[in-house]
file data_33.cif (mmCIF, C-alpha atoms)
data_work
loop_
_atom_site.label_atom_id
_atom_site.label_comp_id
_atom_site.auth_asym_id
_atom_site.auth_seq_id
_atom_site.Cartn_x
_atom_site.Cartn_y
_atom_site.Cartn_z
CA MET A 28 -25.96 -27.42 -6.91
CA MET A 29 -22.26 -27.59 -6.08
CA SER A 30 -20.23 -30.37 -7.65
CA GLU A 31 -18.36 -32.93 -5.60
CA LEU A 32 -15.06 -31.42 -6.72
CA SER A 33 -16.13 -27.94 -5.63
CA GLU A 34 -17.18 -29.26 -2.24
CA LEU A 35 -13.88 -31.13 -1.86
CA ILE A 36 -11.91 -28.00 -2.75
CA LEU A 37 -13.84 -25.79 -0.33
CA ARG A 38 -13.35 -28.28 2.51
CA ARG A 39 -9.58 -28.16 1.91
CA ILE A 40 -9.05 -24.38 1.69
CA ARG A 41 -8.37 -22.52 4.91
CA ASP A 42 -9.12 -18.82 5.45
CA VAL A 43 -6.33 -16.89 7.18
CA PRO A 44 -7.55 -13.47 8.34
CA ASP A 45 -5.30 -10.40 8.14
CA TYR A 46 -2.66 -12.03 5.95
CA PRO A 47 -0.54 -10.67 4.32
CA ARG A 48 -2.04 -7.36 5.48
CA PRO A 49 -4.81 -6.37 7.89
CA GLY A 50 -8.22 -6.69 6.28
CA VAL A 51 -7.18 -9.34 3.74
CA VAL A 52 -8.51 -12.88 4.11
CA PHE A 53 -5.87 -15.16 2.57
CA LYS A 54 -7.06 -18.37 0.89
CA ASP A 55 -4.55 -21.00 2.04
CA ILE A 56 -4.44 -23.97 -0.35
CA THR A 57 -1.80 -25.94 1.55
CA PRO A 58 -4.39 -28.28 3.16
CA LEU A 59 -5.67 -29.09 -0.35
CA LEU A 60 -2.13 -29.73 -1.59
CA ALA A 61 -1.48 -32.06 1.35
CA ASP A 62 -4.50 -34.20 0.45
CA HIS A 63 -3.45 -36.54 -2.36
CA THR A 64 -7.03 -37.18 -3.46
CA ALA A 65 -8.03 -33.50 -3.56
CA PHE A 66 -4.80 -32.37 -5.21
CA GLY A 67 -5.02 -35.15 -7.80
CA ALA A 68 -8.65 -34.34 -8.59
CA VAL A 69 -7.76 -30.66 -9.15
CA VAL A 70 -4.80 -31.50 -11.40
CA ASP A 71 -6.91 -33.97 -13.41
CA GLU A 72 -9.74 -31.46 -13.84
CA LEU A 73 -7.39 -28.69 -14.98
CA ALA A 74 -5.47 -31.03 -17.29
CA GLY A 75 -8.79 -31.91 -18.92
CA LEU A 76 -8.95 -28.30 -20.17
CA CYS A 77 -5.66 -28.64 -22.06
CA GLU A 78 -6.74 -30.24 -25.33
CA GLY A 79 -4.66 -28.71 -28.11
CA ILE A 80 -2.48 -26.76 -25.66
CA ASP A 81 1.27 -26.41 -26.29
CA LYS A 82 2.23 -24.71 -23.03
CA VAL A 83 0.75 -24.20 -19.59
CA VAL A 84 1.74 -20.97 -17.84
CA GLY A 85 1.89 -20.90 -14.05
CA ILE A 86 1.86 -17.61 -12.17
CA GLU A 87 4.23 -17.26 -9.20
CA ALA A 88 4.07 -18.73 -6.75
CA ARG A 89 1.11 -20.96 -6.03
CA GLY A 90 0.21 -21.09 -9.71
CA PHE A 91 3.46 -23.05 -10.23
CA ILE A 92 2.25 -25.74 -7.86
CA LEU A 93 -0.87 -26.32 -9.97
CA ALA A 94 0.39 -25.54 -13.48
CA ALA A 95 3.48 -27.77 -13.50
CA PRO A 96 1.66 -31.06 -12.80
CA VAL A 97 -1.18 -29.97 -15.12
CA ALA A 98 1.35 -29.42 -17.94
CA TYR A 99 2.97 -32.79 -17.28
CA ARG A 100 -0.37 -34.57 -17.17
CA ALA A 101 -1.51 -32.84 -20.38
CA GLY A 102 1.71 -33.50 -22.28
CA ALA A 103 2.45 -29.78 -22.60
CA GLY A 104 5.39 -27.61 -21.66
CA PHE A 105 5.41 -25.50 -18.50
CA VAL A 106 6.35 -21.80 -18.47
CA PRO A 107 6.70 -19.83 -15.23
CA VAL A 108 5.62 -16.20 -14.96
CA ARG A 109 7.62 -14.79 -12.09
CA LYS A 110 7.97 -11.70 -9.97
CA LYS A 111 10.46 -9.15 -11.24
CA GLY A 112 14.11 -10.12 -10.95
CA LYS A 113 13.63 -13.88 -10.55
CA LEU A 114 14.29 -15.05 -14.14
CA PRO A 115 17.91 -15.34 -15.35
CA ALA A 116 17.58 -14.60 -19.09
CA GLU A 117 16.12 -11.69 -21.08
CA THR A 118 12.51 -11.00 -20.05
CA LEU A 119 9.35 -9.17 -20.95
CA GLN A 120 7.58 -7.51 -18.02
CA ARG A 121 4.23 -6.00 -16.99
CA SER A 122 3.18 -4.10 -13.90
CA TYR A 123 -0.23 -4.64 -12.33
CA ASP A 124 -2.35 -3.77 -9.33
CA LEU A 125 -3.67 -6.32 -6.89
CA GLU A 126 -6.10 -6.10 -4.00
CA TYR A 127 -3.41 -4.93 -1.56
CA GLY A 128 -0.67 -3.27 -3.62
CA SER A 129 1.13 -3.45 -6.95
CA ALA A 130 3.85 -5.60 -8.50
CA ILE A 131 5.65 -6.56 -11.71
CA VAL A 132 5.68 -9.97 -13.39
CA GLU A 133 8.07 -11.26 -16.03
CA VAL A 134 8.41 -14.09 -18.51
CA HIS A 135 11.44 -15.12 -20.54
CA ARG A 136 11.36 -13.40 -23.91
CA ASP A 137 11.97 -16.77 -25.64
CA ALA A 138 9.49 -18.83 -23.59
CA PHE A 139 7.12 -19.39 -26.52
CA GLU A 140 7.30 -20.18 -30.21
CA PRO A 141 5.13 -17.95 -32.40
CA GLY A 142 1.54 -19.17 -32.44
CA GLU A 143 1.84 -21.65 -29.58
CA ARG A 144 -1.45 -22.24 -27.79
CA VAL A 145 -1.29 -21.42 -24.09
CA LEU A 146 -3.47 -22.04 -21.05
CA ILE A 147 -2.78 -19.82 -18.02
CA VAL A 148 -3.25 -21.53 -14.62
CA ASP A 149 -3.31 -19.91 -11.19
CA ASP A 150 -4.66 -20.68 -7.76
CA VAL A 151 -6.91 -17.67 -7.08
CA LEU A 152 -8.43 -15.02 -9.31
CA ALA A 153 -8.94 -11.92 -7.18
CA THR A 154 -8.85 -8.48 -8.83
CA GLY A 155 -7.53 -9.95 -12.08
CA GLY A 156 -4.44 -7.76 -12.29
CA THR A 157 -1.92 -10.59 -12.26
CA ALA A 158 -3.90 -12.62 -14.77
CA ARG A 159 -4.34 -9.61 -17.09
CA ALA A 160 -0.61 -8.85 -16.95
CA THR A 161 0.15 -12.50 -17.71
CA VAL A 162 -2.21 -12.57 -20.71
CA ASP A 163 -0.49 -9.45 -22.06
CA LEU A 164 2.99 -10.95 -21.55
CA VAL A 165 2.12 -14.20 -23.31
CA ARG A 166 0.63 -12.33 -26.26
CA GLU A 167 3.62 -9.99 -26.47
CA ALA A 168 5.87 -13.05 -26.57
CA GLY A 169 3.98 -14.23 -29.68
CA ALA A 170 1.79 -16.99 -28.28
CA GLU A 171 -1.99 -17.36 -28.35
CA VAL A 172 -3.79 -17.39 -25.01
CA VAL A 173 -6.66 -19.83 -25.44
CA GLY A 174 -7.89 -19.53 -21.89
CA ALA A 175 -7.22 -19.29 -18.20
CA ALA A 176 -8.14 -21.64 -15.38
CA VAL A 177 -8.12 -21.01 -11.65
CA LEU A 178 -8.74 -23.12 -8.61
CA MET A 179 -10.85 -20.40 -6.96
CA GLU A 180 -12.41 -17.16 -8.13
CA LEU A 181 -13.25 -14.45 -5.61
CA ALA A 182 -16.30 -13.06 -7.43
CA PHE A 183 -16.73 -10.07 -5.09
CA LEU A 184 -13.42 -8.63 -6.40
CA ALA A 185 -14.64 -8.77 -10.05
CA GLY A 186 -11.35 -10.06 -11.48
CA ARG A 187 -13.26 -11.70 -14.32
CA ASP A 188 -13.86 -8.21 -15.72
CA GLN A 189 -10.11 -7.88 -16.40
CA LEU A 190 -10.29 -10.98 -18.61
CA ALA A 191 -13.32 -10.10 -20.75
CA GLY A 192 -13.33 -12.08 -23.98
CA LEU A 193 -11.06 -14.81 -22.58
CA ASP A 194 -12.31 -18.32 -21.82
CA LEU A 195 -12.00 -18.38 -18.02
CA ARG A 196 -12.70 -21.54 -16.02
CA SER A 197 -12.97 -21.47 -12.23
CA LEU A 198 -13.24 -24.72 -10.28
CA VAL A 199 -14.83 -22.82 -7.37
CA ILE A 200 -16.44 -19.37 -7.29
CA VAL A 201 -16.95 -17.70 -3.91
#

call {"tool": "encode", "arguments": {"input": "data_33.cif", "output": "structure tokens"}}
result
Amino acid sequence: MMSELSELILRRIRDVPDYPRPGVVFKDITPLLADHTAFGAVVDELAGLCEGIDKVVGIEARGFILAAPVAYRAGAGFVPVRKKGKLPAETLQRSYDLEYGSAIVEVHRDAFEPGERVLIVDDVLATGGTARATVDLVREAGAEVVGAAVLMELAFLAGRDQLAGLDLRSLVIV
């Protein structure tokens, strides 16, 4: 049985065919973000996963939209993981593959204190490449990744396999 939150999320996510490339069905979360009740319920649910967390990492770009208010609500710091070339100070970087190409993500080298406990937050888990690269970056920077949380997991792309051994929470699995 699907929870009320899952139903609310699914009613507020729009499928956009052939975006950003032909054959890809993009999961547009902007209708969810525009609905104060739905957006608030998602932030509250994700913030509830942050007990004992020092920092919440958001993955560019839509992960920022979720992770920043979750960090605020949880009383934790927010750290952005960005696409290559977007951060101004010294960075660590990882390349990864995604369902329609490849890319590089970066984090500031000094974003974490040694041993800080981190929750990674993103909007969609697809192939898991971005999440895996982010886990590796956070660990290289000296922090402990205690888990990851996503708004939606696309199970047919098996991204969860990239995060074996990590506590992964998905508010909706399709």

call {"tool": "closest_residue", "arguments": {"input": "data_33.cif", "among": "A:Ala94, A:His135, A:Val162, A:Leu146", "to": "Tyr123 of chain A", "atoms": "only C-alpha atoms"}}
result
A:Val162

call {"tool": "closest_residue", "arguments": {"input": "data_33.cif", "among": "A:Glu72, A:Glu167, A:Glu87, A:Glu117", "to": "Val132 of chain A", "atoms": "only C-alpha atoms"}}
result
A:Glu87

call {"tool": "closest_atom_pairs", "arguments": {"input": "data_33.cif", "of": "segment 36-155 of chain A", "to": "segment 183-199 of chain A", "cutoff": "7 Å", "atoms": "only C-alpha atoms", "output": "CSV"}}
result
residue,atom,partner,partner_atom,distance
A:Leu152,CA,A:Gly186,CA,6.2
A:Ala153,CA,A:Gly186,CA,5.3
A:Thr154,CA,A:Gly186,CA,4.0
A:Gly155,CA,A:Gly186,CA,3.9

call {"tool": "write_last_selection", "arguments": {"input": "data_33.cif", "atoms": "C-alpha atoms", "output": "mmCIF file, in the coordinates of the input"}}
result
data_model
loop_
_atom_site.group_PDB
_atom_site.id
_atom_site.type_symbol
_atom_site.label_atom_id
_atom_site.label_comp_id
_atom_site.auth_asym_id
_atom_site.auth_seq_id
_atom_site.Cartn_x
_atom_site.Cartn_y
_atom_site.Cartn_z
ATOM 1 C CA LEU A 152 -8.430 -15.020 -9.310
ATOM 2 C CA ALA A 153 -8.940 -11.920 -7.180
ATOM 3 C CA THR A 154 -8.850 -8.480 -8.830
ATOM 4 C CA GLY A 155 -7.530 -9.950 -12.080
#

call {"tool": "resolve_selection", "arguments": {"input": "data_33.cif", "expression": "the PyMOL selection byres ((chain A and resi 60-69) around 9)", "output": "ChimeraX atom specification"}}
result
/A:32,35-36,39,56-59,70-74,92-93,97,178,198

call {"tool": "axis_aligned_box", "arguments": {"input": "data_33.cif", "around": "segment 153-164 of chain A", "padding_each_side": "5 Å", "output": "JSON"}}
result
{"center_x": -3.0, "center_y": -10.2, "center_z": -14.6, "size_x": 21.9, "size_y": 14.9, "size_z": 24.9}

call {"tool": "atom_distance", "arguments": {"input": "data_33.cif", "atom1": "atom CA of Ala158 of chain A", "atom2": "atom CA of Ala95 of chain A"}}
result
16.9 Å

call {"tool": "atom_distance", "arguments": {"input": "data_33.cif", "atom1": "atom CA of Arg166 of chain A", "atom2": "atom CA of Leu76 of chain A"}}
result
19.6 Å

call {"tool": "closest_residue", "arguments": {"input": "data_33.cif", "among": "A:Ala101, A:Ala176, A:Ala88, A:Val43", "to": "Lys113 of chain A", "atoms": "all atoms listed in the file"}}
result
A:Ala88

call {"tool": "atom_distance", "arguments": {"input": "data_33.cif", "atom1": "atom CA of Arg144 of chain A", "atom2": "atom CA of Gly156 of chain A"}}
result
21.4 Å

call {"tool": "closest_residue", "arguments": {"input": "data_33.cif", "among": "A:Ala103, A:Pro44, A:Arg121, A:Leu181", "to": "Asp163 of chain A", "atoms": "all atoms listed in the file"}}
result
A:Arg121

call {"tool": "closest_residue", "arguments": {"input": "data_33.cif", "among": "A:Gly85, A:Pro115, A:Pro96, A:Gly128", "to": "Asp150 of chain A", "atoms": "only C-alpha atoms"}}
result
A:Gly85

call {"tool": "resolve_selection", "arguments": {"input": "data_33.cif", "expression": "the PyMOL selection byres ((chain A and resi 168) around 8)", "output": "PyMOL selection string"}}
result
chain A and resi 119+136-139+141+164-167+169-170

call {"tool": "resolve_selection", "arguments": {"input": "data_33.cif", "expression": "the PyMOL selection byres ((chain A and resi 83) around 6)", "output": "list of chain:residue names"}}
result
A:Lys82, A:Val84, A:Ala98, A:Phe105, A:Val145, A:Leu146, A:Ile147

call {"tool": "closest_residue", "arguments": {"input": "data_33.cif", "among": "A:Cys77, A:Ala116, A:Val177, A:Ala130", "to": "Gly104 of chain A", "atoms": "all atoms listed in the file"}}
result
A:Cys77

call {"tool": "decode", "arguments": {"input": "data_33.cif", "residues": "segment 140-157 of chain A", "atoms": "N, CA and C atoms", "output": "CSV table (one decimal), in the first residue's frame"}}
result
chain,number,residue,atom,x,y,z
A,140,GLU,N,34.7,18.8,8.1
A,140,GLU,CA,35.7,18.6,9.1
A,140,GLU,C,35.9,17.0,9.2
A,141,PRO,N,37.0,16.5,9.5
A,141,PRO,CA,37.2,15.1,9.6
A,141,PRO,C,36.2,14.5,10.6
A,142,GLY,N,35.6,13.4,10.1
A,142,GLY,CA,34.6,12.6,10.9
A,142,GLY,C,33.2,13.2,10.9
A,143,GLU,N,32.9,14.3,10.2
A,143,GLU,CA,31.6,14.8,10.2
A,143,GLU,C,30.6,13.8,9.6
A,144,ARG,N,29.4,13.7,10.1
A,144,ARG,CA,28.4,12.8,9.6
A,144,ARG,C,27.6,13.5,8.6
A,145,VAL,N,27.4,12.8,7.4
A,145,VAL,CA,26.8,13.5,6.3
A,145,VAL,C,25.7,12.6,5.7
A,146,LEU,N,24.6,13.3,5.4
A,146,LEU,CA,23.5,12.7,4.6
A,146,LEU,C,23.5,13.4,3.2
A,147,ILE,N,23.4,12.6,2.2
A,147,ILE,CA,23.4,13.1,0.8
A,147,ILE,C,21.9,13.1,0.4
A,148,VAL,N,21.5,14.2,-0.2
A,148,VAL,CA,20.1,14.4,-0.6
A,148,VAL,C,20.1,14.7,-2.1
A,149,ASP,N,19.2,14.1,-2.8
A,149,ASP,CA,19.0,14.4,-4.3
A,149,ASP,C,17.5,14.2,-4.6
A,150,ASP,N,17.2,14.7,-5.8
A,150,ASP,CA,15.8,14.5,-6.2
A,150,ASP,C,15.5,13.2,-6.8
A,151,VAL,N,16.3,12.7,-7.7
A,151,VAL,CA,16.0,11.4,-8.4
A,151,VAL,C,17.3,10.5,-8.4
A,152,LEU,N,17.1,9.3,-8.0
A,152,LEU,CA,18.2,8.3,-8.2
A,152,LEU,C,17.9,7.5,-9.5
A,153,ALA,N,18.7,7.7,-10.5
A,153,ALA,CA,18.6,7.0,-11.7
A,153,ALA,C,19.6,5.8,-11.8
A,154,THR,N,20.7,6.1,-12.5
A,154,THR,CA,21.7,5.0,-12.7
A,154,THR,C,22.6,4.9,-11.5
A,155,GLY,N,22.6,5.9,-10.6
A,155,GLY,CA,23.4,6.0,-9.4
A,155,GLY,C,24.8,6.5,-9.6
A,156,GLY,N,25.1,6.9,-10.8
A,156,GLY,CA,26.5,7.5,-11.0
A,156,GLY,C,26.8,8.7,-10.3
A,157,THR,N,25.9,9.7,-10.3
A,157,THR,CA,26.1,10.9,-9.5
A,157,THR,C,26.2,10.7,-8.0
